[in-house]
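Source file: input.cif. Holds: mmCIF, C-alpha atoms.
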data_coords
loop_
_atom_site.label_atom_id
_atom_site.label_comp_id
_atom_site.auth_asym_id
_atom_site.auth_seq_id
_atom_site.Cartn_x
_atom_site.Cartn_y
_atom_site.Cartn_z
CA MET V 1 0.00 0.00 0.00
CA ILE V 2 1.35 3.40 -0.93
CA LEU V 3 -0.03 6.39 0.96
CA GLY V 4 0.49 9.55 -1.01
CA ILE V 5 0.79 12.77 0.94
CA LEU V 6 -0.18 15.92 -0.90
CA ALA V 7 1.76 19.09 -0.35
CA SER V 8 -0.32 22.20 -0.07
CA SER V 9 -1.10 24.00 -3.32
CA GLY V 10 -3.33 26.83 -2.27
CA GLY V 11 -6.41 24.95 -1.24
CA ALA V 12 -5.78 21.32 -2.08
CA THR V 13 -6.73 18.90 0.67
CA ALA V 14 -5.58 15.36 1.37
CA SER V 15 -7.85 12.49 0.41
CA ALA V 16 -9.70 10.79 3.27
CA SER V 17 -7.37 7.81 3.69
CA TYR V 18 -6.24 8.88 7.16
CA GLU V 19 -9.29 9.29 9.39
CA SER V 20 -9.80 10.03 13.04
CA ILE V 21 -11.71 7.19 14.73
CA ALA V 22 -11.79 8.34 18.36
CA THR V 23 -9.92 10.41 20.90
CA ALA V 24 -9.63 9.74 24.61
CA THR V 25 -8.49 12.15 27.29
CA GLY V 26 -7.21 11.41 30.76
CA THR V 27 -9.62 11.78 33.67
CA GLY V 28 -7.09 12.51 36.40
CA SER V 29 -8.21 9.47 38.39
CA SER V 30 -7.59 6.50 36.08
CA GLY V 31 -4.51 4.99 34.55
CA THR V 32 -6.46 3.18 31.82
CA ILE V 33 -7.74 4.30 28.45
CA THR V 34 -9.74 1.87 26.30
CA PHE V 35 -10.82 2.04 22.69
CA SER V 36 -13.57 -0.47 22.03
CA SER V 37 -15.76 -1.39 19.07
CA ILE V 38 -12.95 -0.51 16.65
CA PRO V 39 -14.37 -0.85 13.14
CA SER V 40 -12.69 -3.33 10.83
CA THR V 41 -13.02 -1.08 7.80
CA TYR V 42 -9.45 0.28 7.76
CA THR V 43 -6.19 -1.36 6.76
CA HIS V 44 -3.91 -0.07 9.52
CA LEU V 45 -4.32 1.81 12.78
CA GLN V 46 -2.26 4.60 14.25
CA LEU V 47 -2.33 5.91 17.79
CA ARG V 48 -0.87 9.30 18.58
CA VAL V 49 -0.15 9.63 22.28
CA HIS V 50 0.44 12.71 24.42
CA ALA V 51 0.60 11.20 27.91
CA ILE V 52 1.12 13.03 31.18
CA ALA V 53 0.79 11.43 34.61
CA THR V 54 -0.87 13.07 37.62
CA ALA V 55 2.28 12.40 39.61
CA TYR V 56 5.80 11.47 38.58
CA SER V 57 6.58 7.88 39.48
CA GLY V 58 8.71 6.79 36.55
CA THR V 59 6.22 4.15 35.51
CA GLY V 60 5.87 2.85 31.96
CA GLY V 61 2.92 2.60 29.57
CA TYR V 62 1.47 -0.64 28.22
CA MET V 63 -1.00 -1.93 25.68
CA ARG V 64 -3.21 -4.96 25.27
CA PHE V 65 -5.45 -6.00 22.41
CA ASN V 66 -8.96 -7.44 22.80
CA SER V 67 -8.39 -7.64 26.58
CA ASP V 68 -5.97 -10.50 26.01
CA THR V 69 -4.01 -11.07 29.23
CA GLY V 70 -2.37 -14.26 27.98
CA SER V 71 1.36 -14.61 27.32
CA ASN V 72 0.92 -13.63 23.70
CA TYR V 73 3.06 -10.49 23.41
CA ALA V 74 6.69 -9.83 22.55
CA TYR V 75 8.65 -6.66 21.86
CA HIS V 76 12.11 -5.30 21.11
CA TRP V 77 13.49 -1.83 21.58
CA LEU V 78 16.37 0.50 20.76
CA ALA V 79 16.70 3.27 23.32
CA GLY V 80 18.77 6.38 23.95
CA SER V 81 19.21 7.86 27.39
CA GLY V 82 21.11 10.96 26.33
CA SER V 83 24.41 9.33 27.23
CA ALA V 84 24.13 5.76 25.95
CA ALA V 85 22.31 3.70 23.36
CA SER V 86 20.89 0.36 24.44
CA ALA V 87 18.75 -2.42 23.07
CA GLY V 88 16.66 -5.21 24.46
CA GLY V 89 13.83 -7.59 23.87
CA VAL V 90 11.39 -9.77 25.72
CA ALA V 91 9.15 -12.63 24.67
CA THR V 92 6.07 -14.40 25.93
CA GLN V 93 4.77 -11.41 27.83
CA THR V 94 1.25 -10.77 29.12
CA THR V 95 1.37 -7.19 27.86
CA MET V 96 3.24 -4.96 25.40
CA GLN V 97 5.19 -1.98 26.70
CA VAL V 98 4.78 1.07 24.45
CA LEU V 99 6.09 3.84 26.75
CA LEU V 100 9.47 2.63 27.92
CA ASN V 101 10.66 3.74 31.35
CA ASN V 102 14.36 3.36 30.61
CA VAL V 103 15.35 6.57 32.41
CA VAL V 104 12.33 8.83 32.87
CA GLY V 105 9.01 7.03 32.31
CA LEU V 106 5.72 8.88 32.62
CA HIS V 107 6.19 12.43 33.88
CA ASN V 108 3.81 14.96 35.38
CA THR V 109 4.80 18.09 33.43
CA SER V 110 6.51 16.91 30.24
CA ALA V 111 4.51 14.65 27.97
CA ASN V 112 5.57 11.25 26.75
CA ALA V 113 4.81 11.41 23.03
CA ALA V 114 4.36 8.33 20.88
CA ILE V 115 3.29 7.34 17.39
CA ILE V 116 2.18 3.70 17.35
CA ASP V 117 1.33 1.93 14.11
CA VAL V 118 -0.54 -1.38 14.06
CA LEU V 119 -0.43 -3.02 10.67
CA ASP V 120 -3.23 -5.15 9.18
CA TYR V 121 -5.08 -4.96 12.47
CA ALA V 122 -8.25 -6.56 11.07
CA SER V 123 -6.55 -9.54 9.49
CA THR V 124 -7.78 -12.95 10.60
CA SER V 125 -4.77 -14.77 9.18
CA LYS V 126 -1.84 -12.69 10.46
CA TYR V 127 -0.26 -12.11 13.80
CA LYS V 128 -0.28 -8.38 14.54
CA THR V 129 2.86 -6.26 14.24
CA LEU V 130 3.22 -2.95 16.03
CA ARG V 131 5.77 -0.19 15.40
CA ASP V 132 6.37 2.42 18.09
CA PHE V 133 8.33 5.69 18.04
CA GLU V 134 8.26 7.46 21.40
CA GLY V 135 10.10 9.84 23.64
CA VAL V 136 10.07 12.07 26.68
CA ASP V 137 12.46 14.83 27.68
CA ILE V 138 12.34 16.56 31.07
CA ASN V 139 15.32 18.91 30.60
CA GLY V 140 18.22 17.00 32.04
CA SER V 141 16.93 13.48 31.44
CA GLY V 142 15.13 11.78 28.62
CA ASP V 143 14.15 8.61 26.82
CA ILE V 144 14.07 8.25 23.02
CA VAL V 145 12.88 4.83 21.87
CA ILE V 146 11.90 2.90 18.80
CA SER V 147 10.34 -0.47 19.32
CA SER V 148 8.60 -3.30 17.54
CA GLY V 149 5.87 -5.42 19.00
CA LEU V 150 4.05 -8.64 18.28
CA TRP V 151 0.64 -9.88 19.34
CA GLN V 152 0.49 -13.58 18.55
CA SER V 153 -3.16 -13.71 17.59
CA THR V 154 -4.96 -13.99 14.28
CA SER V 155 -8.04 -12.30 15.72
CA ALA V 156 -9.04 -8.96 14.30
CA ILE V 157 -8.32 -6.19 16.79
CA ASN V 158 -11.56 -4.69 18.05
CA SER V 159 -10.32 -3.12 21.26
CA ILE V 160 -7.12 -1.51 22.53
CA THR V 161 -6.39 -0.95 26.20
CA PHE V 162 -3.66 1.55 26.95
CA TYR V 163 -2.60 1.74 30.60
CA LEU V 164 0.02 2.87 33.07
CA GLY V 165 2.00 0.56 35.31
CA SER V 166 0.87 2.73 38.22
CA GLY V 167 -0.88 6.03 38.82
CA SER V 168 -3.30 7.99 36.66
CA PHE V 169 -3.34 9.89 33.41
CA ALA V 170 -3.61 13.65 33.88
CA THR V 171 -6.51 15.45 32.20
CA THR V 172 -3.98 16.90 29.73
CA THR V 173 -3.41 13.41 28.33
CA THR V 174 -4.78 12.68 24.89
CA VAL V 175 -4.65 9.40 23.00
CA ALA V 176 -6.00 9.65 19.46
CA LEU V 177 -6.85 6.63 17.31
CA TYR V 178 -6.68 6.95 13.53
CA GLY V 179 -7.58 4.56 10.73
CA ILE V 180 -5.55 4.34 7.54
CA LYS V 181 -7.32 3.06 4.44
CA ALA V 182 -5.70 1.36 1.53
CA ALA V 183 -6.72 2.21 -2.03
CA MET C 1 -15.64 11.36 8.19
CA PRO C 2 -13.69 14.59 7.59
CA ALA C 3 -10.11 14.54 6.39
CA THR C 4 -7.88 14.65 9.41
CA TYR C 5 -4.43 14.96 7.87
CA GLU C 6 -4.38 18.22 5.96
CA PRO C 7 -1.60 20.14 4.24
CA ILE C 8 -1.49 23.67 5.57
CA ALA C 9 1.33 25.15 3.52
CA THR C 10 4.45 24.31 1.54
CA TYR C 11 7.49 26.51 1.44
CA THR C 12 10.31 26.13 -1.08
CA VAL C 13 13.44 28.12 -0.36
CA GLY C 14 14.03 30.29 -3.41
CA THR C 15 16.94 32.34 -2.10
CA ALA C 16 19.53 31.01 0.33
CA VAL C 17 18.78 32.30 3.81
CA ALA C 18 20.37 32.15 7.22
CA SER C 19 17.12 30.99 8.80
CA TYR C 20 13.61 30.13 7.71
CA THR C 21 10.51 31.12 9.68
CA VAL C 22 6.98 29.79 9.28
CA ASN C 23 4.41 32.15 10.80
CA SER C 24 0.67 32.30 11.45
CA ILE C 25 0.19 28.63 12.26
CA PRO C 26 -3.53 28.10 12.88
CA ALA C 27 -4.58 26.69 16.22
CA THR C 28 -7.28 24.45 14.76
CA TYR C 29 -5.43 21.11 14.74
CA THR C 30 -4.31 18.69 17.45
CA ASP C 31 -0.78 17.97 16.25
CA LEU C 32 1.49 19.38 13.56
CA ARG C 33 3.76 17.49 11.21
CA VAL C 34 6.60 19.33 9.49
CA VAL C 35 8.27 17.51 6.60
CA ILE C 36 11.61 19.00 5.60
CA ASN C 37 13.90 18.05 2.74
CA ALA C 38 16.95 19.86 4.04
CA HIS C 39 20.15 21.16 2.44
CA SER C 40 22.72 23.61 3.79
CA ALA C 41 25.45 25.58 2.01
CA LEU C 42 28.23 24.13 4.16
CA THR C 43 31.56 22.78 3.01
CA PRO C 44 33.59 20.63 3.31
CA SER C 45 31.43 18.75 5.85
CA GLN C 46 28.78 16.56 4.24
CA ASP C 47 26.20 17.06 6.98
CA SER C 48 25.06 19.82 9.30
CA LEU C 49 22.81 19.78 12.34
CA TRP C 50 19.66 21.86 12.21
CA SER C 51 17.70 23.33 15.09
CA ILE C 52 14.33 24.89 15.78
CA LYS C 53 12.92 27.58 18.00
CA PHE C 54 9.26 28.31 18.59
CA ASN C 55 7.47 31.66 18.67
CA GLY C 56 10.79 33.46 18.43
CA ASP C 57 11.78 32.26 21.91
CA THR C 58 15.56 32.57 22.21
CA GLY C 59 15.60 31.75 25.93
CA ASN C 60 17.23 28.57 27.22
CA ASN C 61 13.88 26.86 27.29
CA TYR C 62 14.69 23.88 25.12
CA SER C 63 16.11 20.39 25.68
CA THR C 64 16.53 17.23 23.61
CA THR C 65 17.48 13.56 23.86
CA LEU C 66 18.54 11.72 20.74
CA ILE C 67 19.74 8.37 19.48
CA ARG C 68 21.66 8.04 16.23
CA GLY C 69 23.59 5.60 14.11
CA ASN C 70 26.42 6.72 11.85
CA GLY C 71 27.05 3.51 9.99
CA THR C 72 29.52 2.12 12.49
CA ALA C 73 28.11 2.84 15.93
CA ALA C 74 24.99 3.84 17.84
CA SER C 75 25.16 6.70 20.31
CA SER C 76 22.90 8.93 22.36
CA LEU C 77 23.23 12.62 23.11
CA ALA C 78 21.34 15.18 25.15
CA GLN C 79 21.10 18.92 25.53
CA SER C 80 19.37 20.78 28.33
CA SER C 81 18.42 24.37 29.11
CA THR C 82 19.54 25.48 25.69
CA ALA C 83 18.38 27.35 22.62
CA PRO C 84 17.55 26.42 19.96
CA ALA C 85 16.70 22.68 19.94
CA ARG C 86 18.12 19.98 17.67
CA ILE C 87 15.88 18.45 15.01
CA GLY C 88 18.31 16.45 12.88
CA TRP C 89 20.95 16.50 10.20
CA ALA C 90 20.67 18.11 6.79
CA LEU C 91 23.04 17.32 3.93
CA THR C 92 25.23 19.97 2.46
CA ASP C 93 27.20 21.34 -0.48
CA GLY C 94 30.06 19.28 0.95
CA ALA C 95 28.11 16.14 0.04
CA GLY C 96 26.86 17.55 -3.27
CA ALA C 97 24.09 19.78 -4.50
CA SER C 98 21.62 16.93 -5.01
CA TYR C 99 21.89 15.51 -1.49
CA TYR C 100 19.15 16.29 0.99
CA GLY C 101 18.50 15.17 4.54
CA SER C 102 14.96 14.14 5.54
CA ILE C 103 13.57 15.57 8.78
CA ILE C 104 10.01 14.72 9.82
CA LEU C 105 8.87 16.53 12.94
CA ASP C 106 5.75 15.64 14.87
CA ILE C 107 4.73 18.33 17.36
CA PHE C 108 2.11 17.13 19.81
CA SER C 109 -0.71 19.25 21.26
CA TYR C 110 1.00 22.30 19.82
CA ALA C 111 -1.88 24.63 20.72
CA GLY C 112 -2.46 23.20 24.19
CA ALA C 113 -1.54 24.57 27.59
CA THR C 114 1.23 22.11 28.47
CA TYR C 115 4.93 22.13 27.68
CA LYS C 116 5.50 21.18 24.04
CA THR C 117 7.00 17.80 23.12
CA TYR C 118 8.13 16.90 19.60
CA LEU C 119 9.53 13.78 17.96
CA SER C 120 11.92 13.98 15.01
CA ASN C 121 12.54 11.17 12.52
CA ASN C 122 15.74 12.03 10.61
CA ALA C 123 17.60 10.36 7.77
CA ALA C 124 20.68 11.68 5.98
CA ASP C 125 22.84 9.51 3.73
CA TRP C 126 25.50 10.63 1.27
CA ASN C 127 26.72 7.23 0.05
CA GLY C 128 29.71 6.56 2.23
CA GLY C 129 28.45 8.27 5.34
CA GLY C 130 25.37 9.51 7.04
CA TYR C 131 23.14 9.52 10.09
CA VAL C 132 19.88 7.91 11.03
CA SER C 133 18.50 9.51 14.17
CA ARG C 134 15.45 9.88 16.35
CA ILE C 135 15.06 12.88 18.61
CA VAL C 136 12.65 13.93 21.35
CA GLY C 137 12.54 17.62 22.11
CA LEU C 138 10.90 19.78 24.76
CA TRP C 139 10.01 23.45 24.69
CA ARG C 140 9.23 24.53 28.23
CA SER C 141 6.43 26.88 27.37
CA THR C 142 2.69 26.62 27.83
CA SER C 143 2.03 29.02 24.94
CA ALA C 144 0.41 27.77 21.76
CA ILE C 145 2.91 27.45 18.94
CA THR C 146 2.18 30.06 16.28
CA SER C 147 5.54 30.07 14.49
CA PHE C 148 8.81 28.22 14.22
CA THR C 149 12.25 29.12 12.89
CA LEU C 150 14.76 26.69 11.40
CA THR C 151 18.50 27.33 11.49
CA ASP C 152 21.73 25.54 10.66
CA ASN C 153 23.89 25.05 13.76
CA ASN C 154 27.03 25.79 11.73
CA ALA C 155 25.57 29.13 10.65
CA ALA C 156 25.47 27.96 7.04
CA ASN C 157 22.71 29.20 4.79
CA ILE C 158 19.63 27.10 4.16
CA SER C 159 19.96 26.32 0.47
CA VAL C 160 17.68 26.96 -2.48
CA GLY C 161 15.58 23.86 -3.10
CA THR C 162 14.98 23.04 0.54
CA THR C 163 11.27 22.34 1.06
CA ILE C 164 9.24 22.65 4.23
CA THR C 165 5.68 21.29 4.27
CA LEU C 166 3.38 21.84 7.22
CA TYR C 167 0.51 19.46 7.93
CA GLY C 168 -2.23 19.61 10.52
CA ILE C 169 -3.51 16.45 12.17
CA LYS C 170 -6.90 16.73 13.78
CA ALA C 171 -8.19 14.27 16.35
CA ALA C 172 -11.89 13.48 16.65
#

As structure tokens - that is how I would like this structure written.
Amino acid sequence: MILGILASSGGATASASYESIATATGTGSSGTITFSSIPSTYTHLQLRVHAIATAYSGTGGYMRFNSDTGSNYAYHWLAGSGSAASAGGVATQTTMQVLLNNVVGLHNTSANAAIIDVLDYASTSKYKTLRDFEGVDINGSGDIVISSGLWQSTSAINSITFYLGSGSFATTTTVALYGIKAA
Amino acid sequence: MPATYEPIATYTVGTAVASYTVNSIPATYTDLRVVINAHSALTPSQDSLWSIKFNGDTGNNYSTTLIRGNGTAASSLAQSSTAPARIGWALTDGAGASYYGSIILDIFSYAGATYKTYLSNNAADWNGGGYVSRIVGLWRSTSAITSFTLTDNNAANISVGTTITLYGIKAA
């Protein structure tokens, strides 16, 4: 699939192949955000995350699909701390980490930003692959991370649960879900 | 469903300039994406680091953390309480006139009332050298972003042919 991106030419607009499905905001008292009843009419999904915690605890952020708590997740990462590059990977996990707490984790004034792509999310023949680009900088410390993830299920994704290891999302948190259509 | 990824404006550098400013950014989107095909008039170095400042703020209100690979090693760097903030490497006259570095900036909640976080996805290869990098940057201001200015850290001119395209991404 090739997604063409139009440059502006005095009024031209992009075709509707990248559509907003839903947006969730933090409540200040919950560390969980859930997207349910995700339509199967797109080809890929993208989440754009702007996450701020109510208190700084250095926790990480995680994701599950279709409420699956089985040991069906794996992920690898490449991370920079500002002084060193590192890499790692885990297998047979009960969740997928998408906001890595290598140095900083979730902060209460500086947002953790992430762009998370889930390819062929509605396929009933493929395991699901996730690509994550994320980072947080708090002026003196930071995490910059790229990661890949796997959900070993051929079920179509109809719900995504995004949650903190501890604490709550601040009301300035937004998690936006987008659908990307193929031609 | 309305289009949610919209081009706002495209700028093509027609005369080499020391810096390039995009003004009057509307506040009607959730995030901004800035796609830059970047070239600097620097020699003999083949690459040059570019930086950004927002709303003309020259105070030491910026910080970044990055990871990069240069073809032989991976490394990570940081800057704090500085101005301006790194966004990635352009290619230069030292590499050749046809070489451009790719910098894709995503600026989150740019019109909101929190500090501003951006992610940069940067690629610059001149066939025999180059950088691939990812950068997170912070602007410690709660003001909505209405403009940004790009500069070359080596004070080289931004070359003719450099393009800067601004997109708005609107959440539901």

Point to revise | Selected residue, from C:Gly71, C:Gly88, C:Gly130, C:Pro44, that lies nearest to C:Ile103 when counting all atoms listed in the file | key: C:Gly88

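Atom CA of C:Thr30 is found 12.8 Å from atom CA of V:Ala22.
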
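For the file at hand, the PyMOL selection byres ((chain V and resi 129) around 6) resolves to Val118, Leu119, Lys128, Leu130, Gly149 and Leu150 of chain V.
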
Take the selection from the previous step and output its residues with C-alpha atoms, as a CSV table (one decimal), keeping the file's coordinate frame.
chain,number,residue,atom,x,y,z
V,118,VAL,CA,-0.5,-1.4,14.1
V,119,LEU,CA,-0.4,-3.0,10.7
V,128,LYS,CA,-0.3,-8.4,14.5
V,130,LEU,CA,3.2,-3.0,16.0
V,149,GLY,CA,5.9,-5.4,19.0
V,150,LEU,CA,4.0,-8.6,18.3

**Study point:** From C:Phe54, C:Tyr115, C:Tyr110, C:Trp126, residue lying nearest chain V [all atoms listed in the file]
**Key:**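 Of the candidates, the smallest distance to chain V is held by C:Tyr115.
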
Check your understanding: Looking at all atoms listed in the file, which of C:Ala9, C:Leu91, C:Leu166, C:Ala73 is the one that sits closest to chain V?
Key -> C:Ala9

**Study point:** Nearest-residue call for chain C, choices V:Ser20, V:Ser125, V:Asn66, V:Thr173, using all atoms listed in the file
**Key:** V:Ser20

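Straight-line separation from atom CA of C:Thr4 to atom CA of C:Leu66: 28.9 Å.
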
Exercise for review: Just need the residues of chain C within 6 Å of chain V, counting only C-alpha atoms, so spit them out as a PyMOL selection string.
Suggested key: chain C and resi 3-4+6-10+63+65+67+75-78+80+136+138+171-172

Exercise for review: For atom CA of C:Leu32 and atom CA of C:Leu105, determine how far apart the two atoms are, in Å to one decimal place.
Suggested key: 7.9 Å

Check your understanding: Restricting the calculation to all atoms listed in the file, which member of C:Tyr167, C:Ala83, C:Lys53, C:Ser133 is positioned closest to C:Gly101?
Key ->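 Residue with the minimum atom-to-atom distance to C:Gly101: C:Ser133.
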
Point to revise | Pick from C:Asn122, C:Ser51, C:Thr163, C:Asn37, whichever lies nearest to C:Arg86 using only C-alpha atoms | key: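 Smallest distance to C:Arg86 is found for C:Ser51.
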
**Study point:** Evaluate the PyMOL selection byres ((chain C and resi 48) around 7) and report residues as a PyMOL selection string
**Key:** chain C and resi 47+49-50+89-92+152-154

Point to revise | Polymer residues at most 9 Å from stretch 157-165 of chain V, only C-alpha atoms, same-chain spacing of 4 or more positions, as a ChimeraX atom specification | key: /V:30-40,53,59-67,98-99,106,121-123,128,169,175

Selection dump of the PyMOL selection byres ((chain C and resi 104) around 7), as an mmCIF file with C-alpha atoms, in the coordinates of the input:
data_model
loop_
_atom_site.group_PDB
_atom_site.id
_atom_site.type_symbol
_atom_site.label_atom_id
_atom_site.label_comp_id
_atom_site.auth_asym_id
_atom_site.auth_seq_id
_atom_site.Cartn_x
_atom_site.Cartn_y
_atom_site.Cartn_z
ATOM 1 C CA ARG C 33 3.760 17.490 11.210
ATOM 2 C CA VAL C 34 6.600 19.330 9.490
ATOM 3 C CA VAL C 35 8.270 17.510 6.600
ATOM 4 C CA ILE C 36 11.610 19.000 5.600
ATOM 5 C CA SER C 102 14.960 14.140 5.540
ATOM 6 C CA ILE C 103 13.570 15.570 8.780
ATOM 7 C CA LEU C 105 8.870 16.530 12.940
ATOM 8 C CA ASP C 106 5.750 15.640 14.870
ATOM 9 C CA SER C 120 11.920 13.980 15.010
ATOM 10 C CA ASN C 121 12.540 11.170 12.520
ATOM 11 C CA ASN C 122 15.740 12.030 10.610
#

Review point. Near C:Ala16, counting all atoms listed in the file, which residues have an atom at most 8 Å away, once you skip same-chain residues fewer than 3 positions from it, shown as a ChimeraX atom specification?
Key: /C:13,157-160
